[in-house]
Amino acid sequence: MSRLTVWGRDLGFGLRFAVTGGREGWTRTVLTAVGVGLGVALLLITTAVPSALAARSERGDARTDVLFRLDMMPKGDDTVLVGAVDTTFRTHDIRGRVYQPEGPDAPLPPGVSAYPKPGEVLVSPSLRELLDSPDGALLRERLDAKVVGTLGDDALLGPTELVFHKGASHLDPQNDQVERIDAFGTDQPPEQMDPVLLLLTLIVFVVLLMPVAVFIAAAVRFGGERRDRRLAALRLIGADGRMVRRIAAGEALAGALLGLLAGTVFFLLGRQSARLLELSRVSVFPHDLSPAPALVVLVLLAVPAAAVGVTLLALRGVVIEPLGVVRTAKPTRRRLWWRLLLPLAGLALLTPMIGQGRDQGDFNQTMVTSGVVLLLLGVTALLPWLVEFTVSRLGGGSVSWQLAVRRLQLSSGTAARTVSGIAVAVAGAIALQMLFAGVESDYTRSTGEDPERARMSLVVPPSPRGMAQTDEAYRALRATRGVTHVTPPLGTVGAGDRRKDSEETTSVTVGSCTALREVAKLPSCREGDVFAVTGAEYDTSTAKLAKPGRAVYLDPSYAEVHGKALPWKVPADLKRAAVRKDPTGMESGGFLFTTKAFPAKELGSELSSDLYLRIDPAVPDAPEYVRNASARIDPLVEVRTLTATERTGRFASIRTGLFVGATCVLLLIGASLLVSQLEQLRERRKLLSSLVAFGTRRRTLTLSVLWQAAVPITLGLALAGAVGLGLGSVLLKMVGSPVDVAWVPVASMTGVGAGVVLLVTSLSLPALVRLMRAEGLRTE
Amino acid sequence: MQMRLRLSSWLVAQFPAPLWGDHPIRSYTPQVYTPCIVRRMSIPHTLLGLLESGPRHGYDLKKTFDERFGHDKPLHYGQVYSTMSRLLKNGLVEVDGVEAGGGPERKRYAITEAGITDVRTWLATPEKPEPYLTSTLYTKVVLALLTGRDAADLLDTQRAEHLRMMRILTDRKRTGDLADQLICDHALFHLEADLRWLELAAARLDKLGKAVGA
Amino acid sequence: MSPATEPTARPAPAGSLLVADDLHKAYGATDALAGANFSIHAGEVVAVMGPSGSGKSTLLHCLAGIVPPDSGTLTYNGRDLGAMSDGERSALRRSEFGFVFQFGQLVPELTCLENVALPLRLSGARRKEAERTALGWMERLEVHDVAGQRPGEVSGGQGQRVAVARSLVTGPRVLFADEPTGALDSLNGERVMELLTEAARATNAAVVLVTHEARVAAYSDREIVVRDGRSRDMERAV
């Protein structure tokens, strides 16, 4: 018989034993299948994440409309005016668009079959839910239109996105928020992902997948001791050593294949429930979660192959004799040098990239990934050596300690293996936490905004009604519930040294004396005064223009933009004023006109106005009242809430993903730990009861079980801490951030790891107590 | 067969149960094992075997026999004399010499080729494995069943008796030399075999009784 | 005087050390004990005999306070075992009782010496002292040469003698032996029994010996028979 057919025959035997091995065989197979299945499901979901993100961004590109272009396309039968009226409702961001088709051939945005008429609105399913909820009243008021339909999936990035499309009739194409388009979508290249963010994402994947791999390797060894006995029986009836190994591999293969099946089921279930899940405001459609075929094939091949490989590797140090399994009495002492090679090789791969993140340089993805993988694999390689080295030097202490230490000395490999998954997960998580903590300051930028001076700001776009609209807005806002203070409006319009294509440009700010004092330090102020503010950041033009008698053009024209270009002579009584930051933290230079000094008749309709608001923190929905009030004035009014700091959204979602993932992985590993612990206890049932018979305190045995778990986990976590800190430092150096040991994440991650072990031990205690009863002494 | 039956009746006779508690054990000890050996031994073959190591006088033979096998039940000179003359007649021994002073017991005997062959044959022939205690007990057990008595009771009583003797043998073994140990082990294994047979018989009869009763 | 030659002449203290009266114990629907009585004097060796499944081991477990009986009284040295807490019974087993089982009783990862020293350590003895005492007992049972080896590395007979040494190391007043020779050949079995009974006699410990082998029971002073959960004291019956 050829080698191949021999292998096939024996693997087939194993497969059959796995499913016909009676209740015990079944239990083992099912346990393995569930374990492998969970791992496979996690693998599939993770591999599906890139495609899900790609699908999101594809839909995002397809619906792109307002690009804030300066050149306006001519009106036609195939054009539509689009206004961006995004808003915020409490903590929800809502994408809002107003549409005014200009002809019968106007293009339709994705996910709708017809434009809503003026006064009508189409909403996404989640927004409809929100509107229908008791909380939705305020939002309904703001939308101020009849809901006539639901937006299709193509209009949305994810199932929980809040979107509305509103019909309009009087959109002004001149408005900054409004654009005339003849097609949706963009062929602009997508925004390049920041290399540091890319690095973070990559490492999150590696850190989450490594422990899953370790877990799968552990899962195929569930019930190993019983299987060994069955294999011995096979030897007794004439199977040779190699045959038995192949049969064992076949059994593991059965578990892995069933695991693949279970994993697919778990994955499909998880995918279906993806619709319900929203992770840091990102939700995905189930149909987006489709793993790349190549990755699926890789998982389908790698998992069974790993099952067979791990089984053969595990049986390497084991001699299966007809009368039982003999573990080679004295396993060769573990060597350190090749175990050190792994992490060192990892470091060697990462070192050349130190400092590359500073100048937006690219990281070599392969090198980063393999470097991190090698470093983390180093944990699994070093841990058995470390445990062996340490326990062989332990001694003394109480009876429970002696029992635990002796047991560990005999089987340090098993102990190390069970915790290596947790150690890898913790090491990776620590490294990532450090990286996050280190780059957090980069990505949480100070906005310069001063929430003390104003909580909210409004920008009222220019209106044909001129300053009358702004004044109305001012009055309306002052009357709005929850608003404690409104600065009088500050209008702005551009100014330059020429009618068209000016070389020196500055701005003109118009307002009452009170309003002007918000943006400049005025020595004195009376209506009719004009001031020049010079010396503001990046402003050299004002100083050149602010010379009495000099001609300045207000609202000048540019190549793409037609302005009124009203000539104005700098008056002789021009006053000087000093720079002051406005509430948004901006310094602006230029000319300040008191209202009476401004030629409102000519230029009033060109002013866009800023209003700054303070609100009463005791009124919970005050910002919503302000937004509603501003929507009534004009939906195109921009409302912003001022905050001192801002974090980029991508960063937040990666971070949340890591936390959820790390927790899942640790719990998963905890489950496998529990299974193997229970198995070990069952193995020692007879011994435990005889120890109890001669008067051993239950506490002593319980403590010894605890020590037995605590010693390897302590070593594992210590190693994980060291490797995690090392990896974290290297990663920080790579992105060019100062290395700062973040003890809080180190403590919290090792704490979580230790917690899982404690949880597992305490869950196995009832079984221990049950096994310690004298029934174990009864001979069958 | 004859010998063994004698032994079994001897055993029963030696240990009348009701009398047990009043007797000091020591006084029974010699009788316990000596019959086990002597009665089951072929004296001619034993003496022939002793001659194989070299010619001996009749007196030497008796002394050696007593030392090795006789213990408290020595051979009579007459026994040695009559045995040797029978062996001489059969050509298994020859007279090697006579010591001055005469008398039959002063003859020195040597083993002949035929004698050596005879010893070899004797040693090589297995003893006929015969049940040697069962007949009486078998009778008892069958009777117990026929008369509706509890076979388990019989077993327990008999085991108590057996154990009594086994304790004595065990004690003897602990204090005795190698020969004692071997001899006592032999007896102990046989006694244990009796008990095991009894236990099995009782279990079978119990089962049978239940079947009959049902 | 060798006590072996005069078993009945040995002085028995007035009153019994361990007395059980009308013990009942059921495992599920099966009655393991259905009215068992037992008593033993200090220094006495009592064999508990009976067919498989008759309740021998259950009787031993009840007598040793490992398994609480469903009903019946159990008195050790005048103290009611039924009235004791689990902790008190454990302490009693640690200090007053010793145990030898058929197999599976030695902790495989401890050395033989550490196994023997274990009961002393459990009672709070310091490691050095415990191991010195343990070694003395191992010498007595002729297994001191395997002191540093693990149970998996010694023969069955040696392992069982290590177990006997462990059962005697605390100087127990009652030794419970459940088929102590069950896994051994005749020669090793005899040796273990000889050493066990010798040591017990030397320390005046009582021995409860569960066995189904008559040759092993022959090392006892008297036997009781357990049948269908009921005991029968042969000395009193005869």
# chains A, B, ... in the order shown; residues from 1 in each chain; ligands from 1
call {"tool": "closest_atom_pairs", "arguments": {"of": "chain A", "to": "chain C", "cutoff": "6 Å", "atoms": "only C-alpha atoms", "output": "Markdown table"}}
result
| residue | atom | partner | partner_atom | distance |
| --- | --- | --- | --- | --- |
| A:Arg406 | CA | C:Glu109 | CA | 5.4 |
| A:Arg407 | CA | C:Glu109 | CA | 5.3 |
| A:Leu687 | CA | C:Gln105 | CA | 5.3 |
| A:Ser690 | CA | C:Gln105 | CA | 5.7 |
| A:Ala693 | CA | C:Ile66 | CA | 5.9 |
| A:Phe694 | CA | C:Arg93 | CA | 5.5 |
| A:Gly695 | CA | C:Ser90 | CA | 4.4 |
call {"tool": "write_last_selection", "arguments": {"atoms": "C-alpha atoms", "output": "short mmCIF file (atom, residue, chain, number, x, y, z; two decimals), in the first residue's frame"}}
result
data_model
loop_
_atom_site.label_atom_id
_atom_site.label_comp_id
_atom_site.auth_asym_id
_atom_site.auth_seq_id
_atom_site.Cartn_x
_atom_site.Cartn_y
_atom_site.Cartn_z
CA ARG A 406 5.64 18.81 42.59
CA ARG A 407 2.78 18.43 40.15
CA LEU A 687 -6.19 9.87 44.43
CA SER A 690 -7.79 8.62 49.17
CA ALA A 693 -9.65 9.49 53.47
CA PHE A 694 -6.48 9.91 55.44
CA GLY A 695 -7.60 13.25 56.68
#
call {"tool": "closest_atom_pairs", "arguments": {"of": "chain B", "to": "chain C", "cutoff": "7 Å", "atoms": "only C-alpha atoms", "output": "Markdown table"}}
result
| residue | atom | partner | partner_atom | distance |
| --- | --- | --- | --- | --- |
| B:Ala160 | CA | C:Met234 | CA | 6.7 |
| B:Leu163 | CA | C:Ala218 | CA | 5.8 |
| B:Met166 | CA | C:Ala218 | CA | 5.6 |
| B:Arg167 | CA | C:Ala218 | CA | 4.6 |
| B:Thr170 | CA | C:Ala218 | CA | 6.6 |
| B:Asp171 | CA | C:Ala4 | CA | 5.8 |
| B:Leu188 | CA | C:Arg215 | CA | 6.8 |
| B:Glu192 | CA | C:Ala214 | CA | 5.9 |
call {"tool": "residues_around", "arguments": {"residues": "B:Arg106", "least_positions_apart": "5", "cutoff": "7 Å", "atoms": "only C-alpha atoms", "output": "ChimeraX atom specification"}}
result
/B:57-58,98-99
call {"tool": "write_last_selection", "arguments": {"atoms": "N, CA and C atoms", "output": "JSON list (two decimals), in the first residue's frame"}}
result
[["chain", "number", "residue", "atom", "x", "y", "z"],
["B", 57, "HIS", "N", 25.86, -44.76, 55.82],
["B", 57, "HIS", "CA", 25.42, -45.82, 56.73],
["B", 57, "HIS", "C", 23.95, -45.67, 56.99],
["B", 58, "GLY", "N", 23.31, -46.73, 57.42],
["B", 58, "GLY", "CA", 21.88, -46.70, 57.77],
["B", 58, "GLY", "C", 21.60, -45.63, 58.82],
["B", 98, "VAL", "N", 30.97, -52.91, 54.81],
["B", 98, "VAL", "CA", 30.43, -53.18, 56.15],
["B", 98, "VAL", "C", 31.48, -52.81, 57.17],
["B", 99, "GLU", "N", 31.07, -52.11, 58.18],
["B", 99, "GLU", "CA", 32.02, -51.70, 59.18],
["B", 99, "GLU", "C", 32.29, -52.86, 60.17]]
call {"tool": "atom_distance", "arguments": {"atom1": "atom CA of A:Val40", "atom2": "atom CA of A:Leu666"}}
result
15.5 Å
call {"tool": "residues_around", "arguments": {"residues": "stretch 74-77 of chain C", "least_positions_apart": "4", "cutoff": "6 Å", "atoms": "only C-alpha atoms", "output": "list in words"}}
result
Leu17, Leu18, Val19, Ala20 and Leu81 of chain C
call {"tool": "write_last_selection", "arguments": {"atoms": "N, CA, C and O atoms", "output": "mmCIF file, in the first residue's frame"}}
result
data_model
loop_
_atom_site.group_PDB
_atom_site.id
_atom_site.type_symbol
_atom_site.label_atom_id
_atom_site.label_comp_id
_atom_site.auth_asym_id
_atom_site.auth_seq_id
_atom_site.Cartn_x
_atom_site.Cartn_y
_atom_site.Cartn_z
ATOM 1 N N LEU C 17 -12.251 -0.335 71.279
ATOM 2 C CA LEU C 17 -11.737 0.948 70.810
ATOM 3 C C LEU C 17 -12.741 1.568 69.839
ATOM 4 O O LEU C 17 -13.048 2.749 69.892
ATOM 5 N N LEU C 18 -13.229 0.730 68.922
ATOM 6 C CA LEU C 18 -14.126 1.225 67.876
ATOM 7 C C LEU C 18 -15.325 0.283 67.825
ATOM 8 O O LEU C 18 -15.162 -0.928 67.683
ATOM 9 N N VAL C 19 -16.501 0.848 67.972
ATOM 10 C CA VAL C 19 -17.708 0.022 68.006
ATOM 11 C C VAL C 19 -18.740 0.598 67.042
ATOM 12 O O VAL C 19 -18.992 1.803 67.029
ATOM 13 N N ALA C 20 -19.301 -0.290 66.210
ATOM 14 C CA ALA C 20 -20.384 0.135 65.330
ATOM 15 C C ALA C 20 -21.604 -0.694 65.656
ATOM 16 O O ALA C 20 -21.497 -1.893 65.891
ATOM 17 N N LEU C 81 -18.979 9.323 66.635
ATOM 18 C CA LEU C 81 -18.512 9.862 65.351
ATOM 19 C C LEU C 81 -19.612 10.608 64.609
ATOM 20 O O LEU C 81 -19.355 11.556 63.870
#
call {"tool": "residues_around", "arguments": {"residues": "stretch 165-170 of chain A", "least_positions_apart": "2", "cutoff": "12 Å", "atoms": "only C-alpha atoms", "output": "mmCIF file with N, CA and C atoms, in the first residue's frame"}}
result
data_model
loop_
_atom_site.group_PDB
_atom_site.id
_atom_site.type_symbol
_atom_site.label_atom_id
_atom_site.label_comp_id
_atom_site.auth_asym_id
_atom_site.auth_seq_id
_atom_site.Cartn_x
_atom_site.Cartn_y
_atom_site.Cartn_z
ATOM 1 N N ARG A 63 -22.568 57.741 -2.751
ATOM 2 C CA ARG A 63 -23.608 58.709 -2.426
ATOM 3 C C ARG A 63 -23.042 60.118 -2.243
ATOM 4 N N VAL A 80 -29.371 68.765 -10.141
ATOM 5 C CA VAL A 80 -30.145 68.824 -8.902
ATOM 6 C C VAL A 80 -29.346 69.674 -7.928
ATOM 7 N N LEU A 81 -30.044 70.449 -7.132
ATOM 8 C CA LEU A 81 -29.376 71.202 -6.082
ATOM 9 C C LEU A 81 -29.431 70.369 -4.803
ATOM 10 N N VAL A 82 -28.265 70.204 -4.165
ATOM 11 C CA VAL A 82 -28.184 69.414 -2.940
ATOM 12 C C VAL A 82 -27.678 70.295 -1.822
ATOM 13 N N GLY A 83 -28.343 70.289 -0.695
ATOM 14 C CA GLY A 83 -27.860 71.026 0.465
ATOM 15 C C GLY A 83 -27.530 70.062 1.597
ATOM 16 N N ALA A 84 -26.353 70.256 2.206
ATOM 17 C CA ALA A 84 -25.975 69.413 3.336
ATOM 18 C C ALA A 84 -26.538 70.000 4.608
ATOM 19 N N VAL A 85 -27.447 69.309 5.237
ATOM 20 C CA VAL A 85 -28.066 69.818 6.467
ATOM 21 C C VAL A 85 -27.869 68.814 7.604
ATOM 22 N N ASP A 86 -26.644 68.280 7.688
ATOM 23 C CA ASP A 86 -26.339 67.328 8.766
ATOM 24 C C ASP A 86 -26.634 67.976 10.108
ATOM 25 N N ILE A 94 -26.660 62.790 12.602
ATOM 26 C CA ILE A 94 -27.651 62.509 11.558
ATOM 27 C C ILE A 94 -27.190 63.143 10.258
ATOM 28 N N ARG A 95 -27.175 62.314 9.218
ATOM 29 C CA ARG A 95 -26.836 62.853 7.903
ATOM 30 C C ARG A 95 -28.129 63.367 7.283
ATOM 31 N N GLY A 96 -28.113 64.632 6.888
ATOM 32 C CA GLY A 96 -29.313 65.198 6.297
ATOM 33 C C GLY A 96 -28.996 65.845 4.957
ATOM 34 N N ARG A 97 -29.871 65.656 3.993
ATOM 35 C CA ARG A 97 -29.708 66.272 2.676
ATOM 36 C C ARG A 97 -31.039 66.878 2.263
ATOM 37 N N VAL A 98 -30.976 68.077 1.655
ATOM 38 C CA VAL A 98 -32.172 68.622 1.013
ATOM 39 C C VAL A 98 -31.921 68.614 -0.486
ATOM 40 N N TYR A 99 -32.934 68.211 -1.242
ATOM 41 C CA TYR A 99 -32.786 68.087 -2.689
ATOM 42 C C TYR A 99 -33.810 68.959 -3.389
ATOM 43 N N GLN A 100 -33.318 69.576 -4.448
ATOM 44 C CA GLN A 100 -34.224 70.359 -5.288
ATOM 45 C C GLN A 100 -33.883 70.051 -6.733
ATOM 46 N N PRO A 101 -34.550 69.022 -7.322
ATOM 47 C CA PRO A 101 -34.218 68.672 -8.700
ATOM 48 C C PRO A 101 -34.594 69.818 -9.640
ATOM 49 N N GLU A 102 -33.734 70.042 -10.627
ATOM 50 C CA GLU A 102 -33.948 71.186 -11.508
ATOM 51 C C GLU A 102 -34.466 70.775 -12.884
ATOM 52 N N LEU A 108 -30.776 60.397 -9.476
ATOM 53 C CA LEU A 108 -31.292 60.009 -8.158
ATOM 54 C C LEU A 108 -30.151 59.512 -7.285
ATOM 55 N N PRO A 109 -30.135 59.889 -6.005
ATOM 56 C CA PRO A 109 -29.106 59.336 -5.112
ATOM 57 C C PRO A 109 -29.374 57.842 -4.897
ATOM 58 N N PRO A 110 -28.327 57.071 -4.504
ATOM 59 C CA PRO A 110 -28.508 55.638 -4.287
ATOM 60 C C PRO A 110 -29.557 55.389 -3.217
ATOM 61 N N GLY A 111 -30.351 54.333 -3.424
ATOM 62 C CA GLY A 111 -31.275 53.898 -2.379
ATOM 63 C C GLY A 111 -32.620 54.586 -2.392
ATOM 64 N N VAL A 112 -32.897 55.452 -3.389
ATOM 65 C CA VAL A 112 -34.233 56.050 -3.478
ATOM 66 C C VAL A 112 -34.736 55.894 -4.912
ATOM 67 N N SER A 113 -36.064 55.877 -5.058
ATOM 68 C CA SER A 113 -36.639 55.725 -6.395
ATOM 69 C C SER A 113 -37.235 57.040 -6.896
ATOM 70 N N ALA A 114 -37.478 57.967 -5.987
ATOM 71 C CA ALA A 114 -38.011 59.271 -6.410
ATOM 72 C C ALA A 114 -37.646 60.310 -5.366
ATOM 73 N N TYR A 115 -37.502 61.570 -5.826
ATOM 74 C CA TYR A 115 -37.186 62.630 -4.873
ATOM 75 C C TYR A 115 -38.399 62.956 -4.028
ATOM 76 N N PRO A 116 -38.189 63.261 -2.756
ATOM 77 C CA PRO A 116 -39.319 63.746 -1.965
ATOM 78 C C PRO A 116 -39.714 65.153 -2.427
ATOM 79 N N LYS A 117 -41.011 65.455 -2.381
ATOM 80 C CA LYS A 117 -41.464 66.797 -2.749
ATOM 81 C C LYS A 117 -41.165 67.735 -1.592
ATOM 82 N N PRO A 118 -41.198 69.041 -1.872
ATOM 83 C CA PRO A 118 -40.991 69.981 -0.754
ATOM 84 C C PRO A 118 -41.992 69.684 0.356
ATOM 85 N N GLY A 119 -41.483 69.708 1.593
ATOM 86 C CA GLY A 119 -42.358 69.405 2.717
ATOM 87 C C GLY A 119 -42.459 67.914 3.012
ATOM 88 N N GLU A 120 -41.741 67.122 2.216
ATOM 89 C CA GLU A 120 -41.746 65.686 2.455
ATOM 90 C C GLU A 120 -40.326 65.238 2.804
ATOM 91 N N VAL A 121 -40.241 64.094 3.468
ATOM 92 C CA VAL A 121 -38.920 63.603 3.842
ATOM 93 C C VAL A 121 -38.895 62.078 3.774
ATOM 94 N N LEU A 122 -37.742 61.547 3.317
ATOM 95 C CA LEU A 122 -37.496 60.100 3.360
ATOM 96 C C LEU A 122 -36.500 59.850 4.492
ATOM 97 N N VAL A 123 -36.734 58.797 5.273
ATOM 98 C CA VAL A 123 -35.831 58.565 6.410
ATOM 99 C C VAL A 123 -35.312 57.127 6.391
ATOM 100 N N SER A 124 -34.175 56.921 7.041
ATOM 101 C CA SER A 124 -33.639 55.566 7.173
ATOM 102 C C SER A 124 -34.439 54.851 8.264
ATOM 103 N N LEU A 127 -33.746 55.970 11.762
ATOM 104 C CA LEU A 127 -34.219 57.315 12.051
ATOM 105 C C LEU A 127 -35.736 57.304 12.250
ATOM 106 N N ARG A 142 -37.750 69.495 14.294
ATOM 107 C CA ARG A 142 -36.648 70.021 13.512
ATOM 108 C C ARG A 142 -36.774 69.646 12.039
ATOM 109 N N LEU A 143 -37.159 68.374 11.778
ATOM 110 C CA LEU A 143 -37.285 67.943 10.391
ATOM 111 C C LEU A 143 -38.394 68.719 9.681
ATOM 112 N N ASP A 144 -39.479 68.923 10.407
ATOM 113 C CA ASP A 144 -40.563 69.770 9.910
ATOM 114 C C ASP A 144 -41.026 69.338 8.521
ATOM 115 N N ALA A 145 -41.272 68.049 8.330
ATOM 116 C CA ALA A 145 -41.747 67.559 7.035
ATOM 117 C C ALA A 145 -42.447 66.237 7.252
ATOM 118 N N LYS A 146 -43.238 65.844 6.279
ATOM 119 C CA LYS A 146 -44.016 64.623 6.403
ATOM 120 C C LYS A 146 -43.158 63.448 5.934
ATOM 121 N N VAL A 147 -43.063 62.415 6.759
ATOM 122 C CA VAL A 147 -42.295 61.234 6.375
ATOM 123 C C VAL A 147 -43.112 60.458 5.355
ATOM 124 N N VAL A 148 -42.549 60.315 4.135
ATOM 125 C CA VAL A 148 -43.314 59.652 3.081
ATOM 126 C C VAL A 148 -42.684 58.342 2.628
ATOM 127 N N GLY A 149 -41.541 57.995 3.182
ATOM 128 C CA GLY A 149 -40.948 56.741 2.717
ATOM 129 C C GLY A 149 -39.680 56.405 3.476
ATOM 130 N N THR A 150 -39.158 55.228 3.152
ATOM 131 C CA THR A 150 -37.956 54.744 3.826
ATOM 132 C C THR A 150 -36.835 54.626 2.811
ATOM 133 N N LEU A 151 -35.649 54.982 3.241
ATOM 134 C CA LEU A 151 -34.479 54.894 2.375
ATOM 135 C C LEU A 151 -34.001 53.449 2.280
ATOM 136 N N GLY A 152 -33.559 53.055 1.082
ATOM 137 C CA GLY A 152 -33.034 51.705 0.885
ATOM 138 C C GLY A 152 -31.635 51.562 1.483
ATOM 139 N N ALA A 155 -28.594 53.621 0.425
ATOM 140 C CA ALA A 155 -28.424 55.009 0.849
ATOM 141 C C ALA A 155 -27.666 55.100 2.159
ATOM 142 N N LEU A 156 -27.423 53.936 2.792
ATOM 143 C CA LEU A 156 -26.879 53.932 4.144
ATOM 144 C C LEU A 156 -25.518 53.253 4.187
ATOM 145 N N LEU A 162 -28.363 56.993 10.759
ATOM 146 C CA LEU A 162 -29.514 57.904 10.764
ATOM 147 C C LEU A 162 -29.372 58.866 9.591
ATOM 148 N N VAL A 163 -30.295 58.785 8.645
ATOM 149 C CA VAL A 163 -30.205 59.591 7.424
ATOM 150 C C VAL A 163 -31.601 60.087 7.063
ATOM 151 N N ASP A 172 -30.505 78.025 -2.507
ATOM 152 C CA ASP A 172 -29.692 79.045 -3.159
ATOM 153 C C ASP A 172 -28.369 78.423 -3.552
ATOM 154 N N PRO A 173 -28.119 78.269 -4.818
ATOM 155 C CA PRO A 173 -26.874 77.602 -5.245
ATOM 156 C C PRO A 173 -25.632 78.364 -4.807
ATOM 157 N N GLN A 174 -25.787 79.648 -4.451
ATOM 158 C CA GLN A 174 -24.634 80.419 -4.011
ATOM 159 C C GLN A 174 -24.157 79.988 -2.633
ATOM 160 N N ASN A 175 -25.056 79.399 -1.883
ATOM 161 C CA ASN A 175 -24.740 79.029 -0.503
ATOM 162 C C ASN A 175 -23.611 78.007 -0.474
ATOM 163 N N VAL A 178 -24.607 74.372 -0.357
ATOM 164 C CA VAL A 178 -25.443 73.886 -1.449
ATOM 165 C C VAL A 178 -24.586 73.689 -2.691
ATOM 166 N N SER A 463 -28.026 85.885 3.236
ATOM 167 C CA SER A 463 -29.431 85.790 2.840
ATOM 168 C C SER A 463 -29.814 87.019 2.035
ATOM 169 N N PRO A 464 -30.675 86.852 1.050
ATOM 170 C CA PRO A 464 -31.110 88.021 0.281
ATOM 171 C C PRO A 464 -31.785 89.065 1.172
ATOM 172 N N ASP A 634 -33.279 78.671 9.114
ATOM 173 C CA ASP A 634 -32.862 78.170 7.807
ATOM 174 C C ASP A 634 -32.182 76.834 8.068
ATOM 175 N N PRO A 635 -32.629 75.758 7.424
ATOM 176 C CA PRO A 635 -31.998 74.447 7.675
ATOM 177 C C PRO A 635 -30.511 74.468 7.363
ATOM 178 N N LEU A 636 -30.071 75.444 6.550
ATOM 179 C CA LEU A 636 -28.665 75.458 6.169
ATOM 180 C C LEU A 636 -27.778 76.121 7.214
#
call {"tool": "atom_distance", "arguments": {"atom1": "atom CA of C:Arg140", "atom2": "atom CA of C:Arg161"}}
result
9.8 Å
call {"tool": "select_by_dssp", "arguments": {"residues": "stretch 5-238 of chain C", "states": "strand (DSSP E or B)", "output": "PyMOL selection string"}}
result
chain C and resi 18-27+30-40+45-49+71-76+79-80+97-100+174-178+206-210+222-227+230-233
call {"tool": "write_last_selection", "arguments": {"atoms": "C-alpha atoms", "output": "short mmCIF file (atom, residue, chain, number, x, y, z; two decimals), in the first residue's frame"}}
result
data_model
loop_
_atom_site.label_atom_id
_atom_site.label_comp_id
_atom_site.auth_asym_id
_atom_site.auth_seq_id
_atom_site.Cartn_x
_atom_site.Cartn_y
_atom_site.Cartn_z
CA LEU C 18 -14.13 1.23 67.88
CA VAL C 19 -17.71 0.02 68.01
CA ALA C 20 -20.38 0.14 65.33
CA ASP C 21 -23.96 -0.75 66.07
CA ASP C 22 -26.64 -1.48 63.46
CA LEU C 23 -25.15 0.56 60.60
CA HIS C 24 -27.31 1.22 57.54
CA LYS C 25 -26.11 2.84 54.36
CA ALA C 26 -27.77 2.98 50.94
CA TYR C 27 -26.30 4.17 47.64
CA THR C 30 -29.00 -0.46 46.67
CA ASP C 31 -28.42 -1.18 50.34
CA ALA C 32 -24.68 -1.35 50.91
CA LEU C 33 -25.11 -1.87 54.64
CA ALA C 34 -28.27 -3.22 56.20
CA GLY C 35 -27.56 -3.67 59.87
CA ALA C 36 -23.84 -4.15 60.36
CA ASN C 37 -22.17 -4.46 63.75
CA PHE C 38 -18.51 -4.31 64.50
CA SER C 39 -16.12 -3.91 67.35
CA ILE C 40 -12.38 -3.98 67.72
CA VAL C 45 -6.42 -7.52 63.91
CA VAL C 46 -9.91 -8.15 62.56
CA ALA C 47 -10.52 -9.39 59.05
CA VAL C 48 -13.70 -8.29 57.28
CA MET C 49 -14.57 -10.96 54.76
CA SER C 71 -28.40 5.29 60.55
CA GLY C 72 -26.73 3.45 63.39
CA THR C 73 -24.18 4.53 65.95
CA LEU C 74 -20.44 4.63 65.68
CA THR C 75 -18.25 5.12 68.71
CA TYR C 76 -14.51 5.60 68.74
CA ARG C 79 -16.79 9.51 71.25
CA ASP C 80 -19.78 9.48 68.93
CA PHE C 97 -6.33 6.46 61.86
CA GLY C 98 -4.15 5.13 59.10
CA PHE C 99 -5.16 3.91 55.65
CA VAL C 100 -3.89 1.45 53.08
CA VAL C 174 -6.56 2.05 64.11
CA LEU C 175 -5.25 1.00 60.74
CA PHE C 176 -7.77 0.52 57.94
CA ALA C 177 -6.55 -1.71 55.15
CA ASP C 178 -8.81 -2.26 52.15
CA ALA C 206 -5.86 -2.14 65.84
CA VAL C 207 -6.19 -3.27 62.23
CA VAL C 208 -9.41 -3.47 60.24
CA LEU C 209 -8.47 -5.67 57.31
CA VAL C 210 -10.90 -5.93 54.40
CA ARG C 222 -10.55 -13.09 64.15
CA GLU C 223 -12.83 -12.38 61.27
CA ILE C 224 -16.29 -11.05 60.68
CA VAL C 225 -18.26 -11.91 57.57
CA VAL C 226 -20.33 -9.38 55.69
CA ARG C 227 -23.10 -10.79 53.52
CA ARG C 230 -25.26 -7.70 57.27
CA SER C 231 -22.34 -8.62 59.45
CA ARG C 232 -21.72 -11.90 61.19
CA ASP C 233 -19.20 -12.11 63.96
#
